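Colleague: Before I ask anything, let me first share the structure, which is written out below as structure tokens.
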Amino acid sequence: MNPRLVLVTGSGRSGTSSVAGTLKRLGLHVPQPEVPADDKNPRGYYEPMWVTEFHKRVLNPVPVRTIDTRPDAAAVADAAITPAVEAELRDWLSGELDQPQVLIKDPRAFWILPAWTRVAAELGADVCTLTMLRHPTEVVRSRDSAYLTEQTPTFRRQRETANVAAWVNAAFATEAATRGLPRAFVRYDDLLADWRSAMSRAGEQLGLTFSPDPSVTPHPVDDFVDAKLNRSAITWDDIAVPAVLRDLAERTWQVMNVLVYSPSDAGAIDELAGLQEEYGELFDFSEAIAMDATTARVAAGRRDVRRKKDAQLDELRAELDTARAEVAELRARPSGLAALFRR
């Protein structure tokens with residue numbers, strides 16, 4: 001049988017680490033070394049370190065963020081995939097497919113999923129995807145708690161709005177990228193409430209073999225998955241975002257939930273396409289409204305760059321003037337020429 005490459009995706013802070021840790025305890029292989037745990041994720045990320053660095057090298061220069069509001073972000077990311085990039089991925093992945101089921105987790109993977117599937121196919125591996133779903137309000141508040149605690153209320157409100165928009169955009173991009181592949185969608189709440197049922201359903205949808213079997217009691221996953229992990233149970237009333245975006249995000253969430261039980265539901269896919277058009281229109285209007293502010297920020301940034309360059313040039317001129325003065329002083333002394341050569 002061909003090796004199975006399982007790509008775990010989903011918006012950041014949606015439970016991708018929790019499901020990846022669960023899959024590892026169900027017998028899937030995570031390429032080593034892994035990104036170490038930290039205070040933002042003390043239970044671990046279960047991300048191969050090489051993969052995270054690879055995605056940074058590819059996506060940061062473009063740039064495409066882990067969650068990105070731009071409707072064309074996937075196209076921008078795809079344009080960054082060159083033959084050299086695919087060759088780098090091929091060289092690494094070819095050394096990791098000696099296991100029957102290989103787990104790759106990184107929330108950025110869906111941006112360049114076509115590259116992963118092409119390379120895997122060349123190496124004789126079958127690709128399937130597992131996408132984590134978590135309500136956008138909980139994702140946003142979780143990101144707020146993890147990354148924005150030191151920011152001003154105004155900045156946090158702006159980032160909350162942007163993060164909701166990015167969640168919506170990521171939902172569309174993930175669904176489109178994974179369409180046509182064996183795929184599963186797992187709700188974070190389902191994973192925490194009854195991981196056996198959630199993972200058994202996902203395993204069947206993806207054709208995975210778990211060891212030890214989820215029916216085993218006690219199971220290593222029992223001590224890993226904890227319902228208390230969900231500390232961000234909030235509602236739209238707790239998030240300050242425009243009503244039109246809130247409505248669009250809620251409808252997108254409801255449709256994405258259909259894919260949990262029917263990953264290829266044609267009606268849901270068509271409805272998501274319509275919602276994606278709505279989002280594109282909302283993005284265009286928002287971009288137009290913010291055009292003057294964006295232009296002003298760009299101009300201010302250019303002025304800052306010019307000021308820094310002028311300051312650096314002034315420093316160089318001052319150093320040159322000092323050096324010229326020292327040379328003139330040395331020349332004026334009787335032994336100045338000899339001292340000058342010694343310097």
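FYI, nothing fancy with the structure tokens labels: chains A, B, ... in order, residues from 1 per chain, ligands from 1 as they appear.
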Which neighbours of A:Arg118 fall inside 10 Å, counting only C-alpha atoms, when residues of the same chain fewer than 6 positions from it are skipped, and could you give them as a PyMOL selection string?
Modeller: chain A and resi 86+90+125+127
Colleague: Find the residues around A:Met132 up to 10 Å (only C-alpha atoms counted), leave out those fewer than 5 positions away in its own chain, and share them as a list of chain:residue names.
Modeller: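 That gives A:Val8, A:Thr9, A:Gly10, A:Ser11, A:Gly12, A:Arg13, A:Ser14, A:Gly15, A:Thr16, A:Ser17, A:Ser18, A:Val19, A:Pro107, A:Ala184, A:Phe185, A:Val186, A:Arg187, A:Tyr188, A:Leu191, A:Val260.
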Colleague: Would you mind exporting the chosen residues as a tab-separated table (two decimals), in the first residue's frame, restricted to C-alpha atoms?
Modeller:
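Generated output (out.tsv):
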chain	number	residue	atom	x	y	z
A	8	VAL	CA	-3.73	18.83	9.21
A	9	THR	CA	-4.92	22.34	8.38
A	10	GLY	CA	-7.27	24.95	9.74
A	11	SER	CA	-7.24	28.53	10.92
A	12	GLY	CA	-4.65	29.27	13.58
A	13	ARG	CA	-5.91	28.66	17.15
A	14	SER	CA	-8.63	26.32	15.85
A	15	GLY	CA	-7.35	23.18	17.60
A	16	THR	CA	-4.87	21.94	15.01
A	17	SER	CA	-2.30	21.16	17.72
A	18	SER	CA	-4.86	19.24	19.75
A	19	VAL	CA	-5.92	17.06	16.84
A	107	PRO	CA	-1.97	25.89	9.66
A	184	ALA	CA	-12.37	15.23	6.99
A	185	PHE	CA	-13.59	18.25	8.95
A	186	VAL	CA	-13.50	18.00	12.74
A	187	ARG	CA	-15.11	20.47	15.13
A	188	TYR	CA	-12.89	21.44	18.02
A	191	LEU	CA	-12.85	16.62	19.73
A	260	VAL	CA	-18.25	17.41	9.14
Colleague: Identify, on the basis of only C-alpha atoms, every residue whose closest approach to A:Ile269 does not exceed 10 Å; exclude the query and any residue fewer than 6 positions from it along the same chain; express the result as a list in words.
Modeller: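 The neighbour list is Phe172, Glu175, Ala176, Arg179, Val255, Met256, Val258, Leu259, Pro263 and Leu275 of chain A.
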Colleague: Skipping near chain neighbours, those fewer than 5 positions away, what residues fall within 8 Å of A:Val30 using only C-alpha atoms, listed as a PyMOL selection string?
Modeller: chain A and resi 24+46-48+102-104
Colleague: Write the selection just made, keeping N, CA, C and O atoms, as a compact mmCIF listing (two decimals), in the first residue's frame?
Modeller:
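Output contents, as saved in result00.txt:
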# COMPACT_ATOMS: atom_id res chain seq x y z
N LYS A 24 -1.11 11.64 16.70
CA LYS A 24 0.17 11.02 17.05
C LYS A 24 -0.04 9.91 18.07
O LYS A 24 0.58 8.84 17.97
N TYR A 46 3.22 19.76 17.67
CA TYR A 46 3.23 18.57 16.80
C TYR A 46 3.45 18.97 15.34
O TYR A 46 2.90 18.37 14.43
N GLU A 47 4.27 20.00 15.16
CA GLU A 47 4.64 20.46 13.84
C GLU A 47 6.08 20.07 13.54
O GLU A 47 6.97 20.37 14.33
N PRO A 48 6.35 19.39 12.43
CA PRO A 48 7.74 19.14 12.05
C PRO A 48 8.46 20.47 11.86
O PRO A 48 7.99 21.35 11.15
N VAL A 102 1.97 9.26 7.67
CA VAL A 102 2.82 10.38 8.06
C VAL A 102 1.94 11.60 8.30
O VAL A 102 1.09 11.95 7.46
N LEU A 103 2.15 12.24 9.44
CA LEU A 103 1.34 13.39 9.84
C LEU A 103 2.11 14.69 9.65
O LEU A 103 3.20 14.85 10.22
N ILE A 104 1.56 15.60 8.86
CA ILE A 104 2.14 16.93 8.65
C ILE A 104 1.13 17.95 9.12
O ILE A 104 0.02 18.05 8.58
Colleague: Within 7 Å of stretch 153-165 of chain A, counting only C-alpha atoms, which residues show up once you throw out same-chain ones fewer than 2 positions away? Write them as a PDB file with N, CA, C and O atoms, in the first residue's frame, please.
Modeller:
ATOM      1  N   THR A  69      -6.456  38.001   5.002  1.00  0.00           N
ATOM      2  CA  THR A  69      -7.789  38.462   4.604  1.00  0.00           C
ATOM      3  C   THR A  69      -7.964  38.579   3.102  1.00  0.00           C
ATOM      4  O   THR A  69      -9.094  38.656   2.615  1.00  0.00           O
ATOM      5  N   PRO A 136     -15.582  31.176  14.769  1.00  0.00           N
ATOM      6  CA  PRO A 136     -14.683  32.324  14.604  1.00  0.00           C
ATOM      7  C   PRO A 136     -14.535  33.197  15.831  1.00  0.00           C
ATOM      8  O   PRO A 136     -13.458  33.760  16.071  1.00  0.00           O
ATOM      9  N   VAL A 140     -10.865  34.011  17.345  1.00  0.00           N
ATOM     10  CA  VAL A 140     -10.405  35.389  17.499  1.00  0.00           C
ATOM     11  C   VAL A 140     -10.026  35.679  18.943  1.00  0.00           C
ATOM     12  O   VAL A 140      -8.976  36.277  19.221  1.00  0.00           O
ATOM     13  N   LEU A 148      -2.213  39.349  21.640  1.00  0.00           N
ATOM     14  CA  LEU A 148      -2.522  40.778  21.664  1.00  0.00           C
ATOM     15  C   LEU A 148      -2.701  41.349  23.057  1.00  0.00           C
ATOM     16  O   LEU A 148      -3.221  42.458  23.209  1.00  0.00           O
ATOM     17  N   GLN A 151      -1.400  44.936  23.594  1.00  0.00           N
ATOM     18  CA  GLN A 151      -1.764  45.967  22.629  1.00  0.00           C
ATOM     19  C   GLN A 151      -2.882  46.862  23.161  1.00  0.00           C
ATOM     20  O   GLN A 151      -3.575  46.522  24.113  1.00  0.00           O
ATOM     21  N   TRP A 167     -10.504  34.457   9.087  1.00  0.00           N
ATOM     22  CA  TRP A 167     -11.114  33.135   9.328  1.00  0.00           C
ATOM     23  C   TRP A 167     -12.056  32.783   8.180  1.00  0.00           C
ATOM     24  O   TRP A 167     -12.039  31.646   7.687  1.00  0.00           O
ATOM     25  N   VAL A 168     -12.881  33.737   7.767  1.00  0.00           N
ATOM     26  CA  VAL A 168     -13.814  33.498   6.664  1.00  0.00           C
ATOM     27  C   VAL A 168     -13.042  33.150   5.394  1.00  0.00           C
ATOM     28  O   VAL A 168     -13.356  32.174   4.695  1.00  0.00           O
ATOM     29  N   ASN A 169     -12.035  33.953   5.083  1.00  0.00           N
ATOM     30  CA  ASN A 169     -11.249  33.727   3.870  1.00  0.00           C
ATOM     31  C   ASN A 169     -10.538  32.379   3.909  1.00  0.00           C
ATOM     32  O   ASN A 169     -10.482  31.665   2.893  1.00  0.00           O
ATOM     33  N   ALA A 240     -16.166  42.914  18.795  1.00  0.00           N
ATOM     34  CA  ALA A 240     -16.578  44.149  18.129  1.00  0.00           C
ATOM     35  C   ALA A 240     -16.196  44.086  16.657  1.00  0.00           C
ATOM     36  O   ALA A 240     -15.096  44.468  16.256  1.00  0.00           O
ATOM     37  N   VAL A 241     -17.127  43.564  15.838  1.00  0.00           N
ATOM     38  CA  VAL A 241     -16.909  43.505  14.389  1.00  0.00           C
ATOM     39  C   VAL A 241     -18.161  44.034  13.694  1.00  0.00           C
ATOM     40  O   VAL A 241     -19.257  43.991  14.258  1.00  0.00           O
TER      41      VAL A 241
END
Colleague: Can you list, as JSON, numbers by chain, every protein, DNA or RNA residue that comes within 12 Å of stretch 58-62 of chain A when you count only C-alpha atoms, leaving out same-chain residues fewer than 6 positions away?
Modeller: {"A": [51, 52, 68, 73, 74, 75, 76, 77, 78, 79, 80, 81, 82, 84, 85, 86, 88, 89, 108, 109, 110, 111, 112, 115]}
Colleague: A:Asp265, A:Asp106, A:Asp38, A:Glu329: which is nearest A:Leu7, counting only C-alpha atoms?
Modeller: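 Counting only C-alpha atoms, the residue closest to A:Leu7 is A:Asp106.
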Colleague: Between A:Ala87, A:Ala311, A:Leu93, A:Ile239, single out the one closest to A:Trp50, counting only C-alpha atoms.
Modeller: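 Looking only at the distances to A:Trp50, the closest residue turns out to be A:Leu93.
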Colleague: Which residue is closest to A:Arg25? Choose from A:Ala328, A:Ala249, A:Val225, A:Ala296 and count only C-alpha atoms.
Modeller: A:Val225
Colleague: Point out the residue among A:Arg134, A:Gly203, A:Glu287, A:Leu248 with the least atom-to-atom distance to A:Leu272, counting only C-alpha atoms.
Modeller: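 Residue with the minimum atom-to-atom distance to A:Leu272: A:Leu248.
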Colleague: Quick one, how far is atom CA of A:Ile234 from atom CA of A:Ala171?
Modeller: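 About the pair atom CA of A:Ile234 and atom CA of A:Ala171: they are 19.8 Å apart.
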Colleague: As number ranges by chain, please: every residue in stretch 41-126 of chain A that DSSP puts in strand (DSSP E).
Modeller: A: 101-105, 126
Colleague: Using only C-alpha atoms, which of the listed residues (A:Thr152, A:Thr22, A:Thr66, A:Ser211) sits closest to A:Ala198?
Modeller: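 Closest to A:Ala198, using only C-alpha atoms: A:Thr22.
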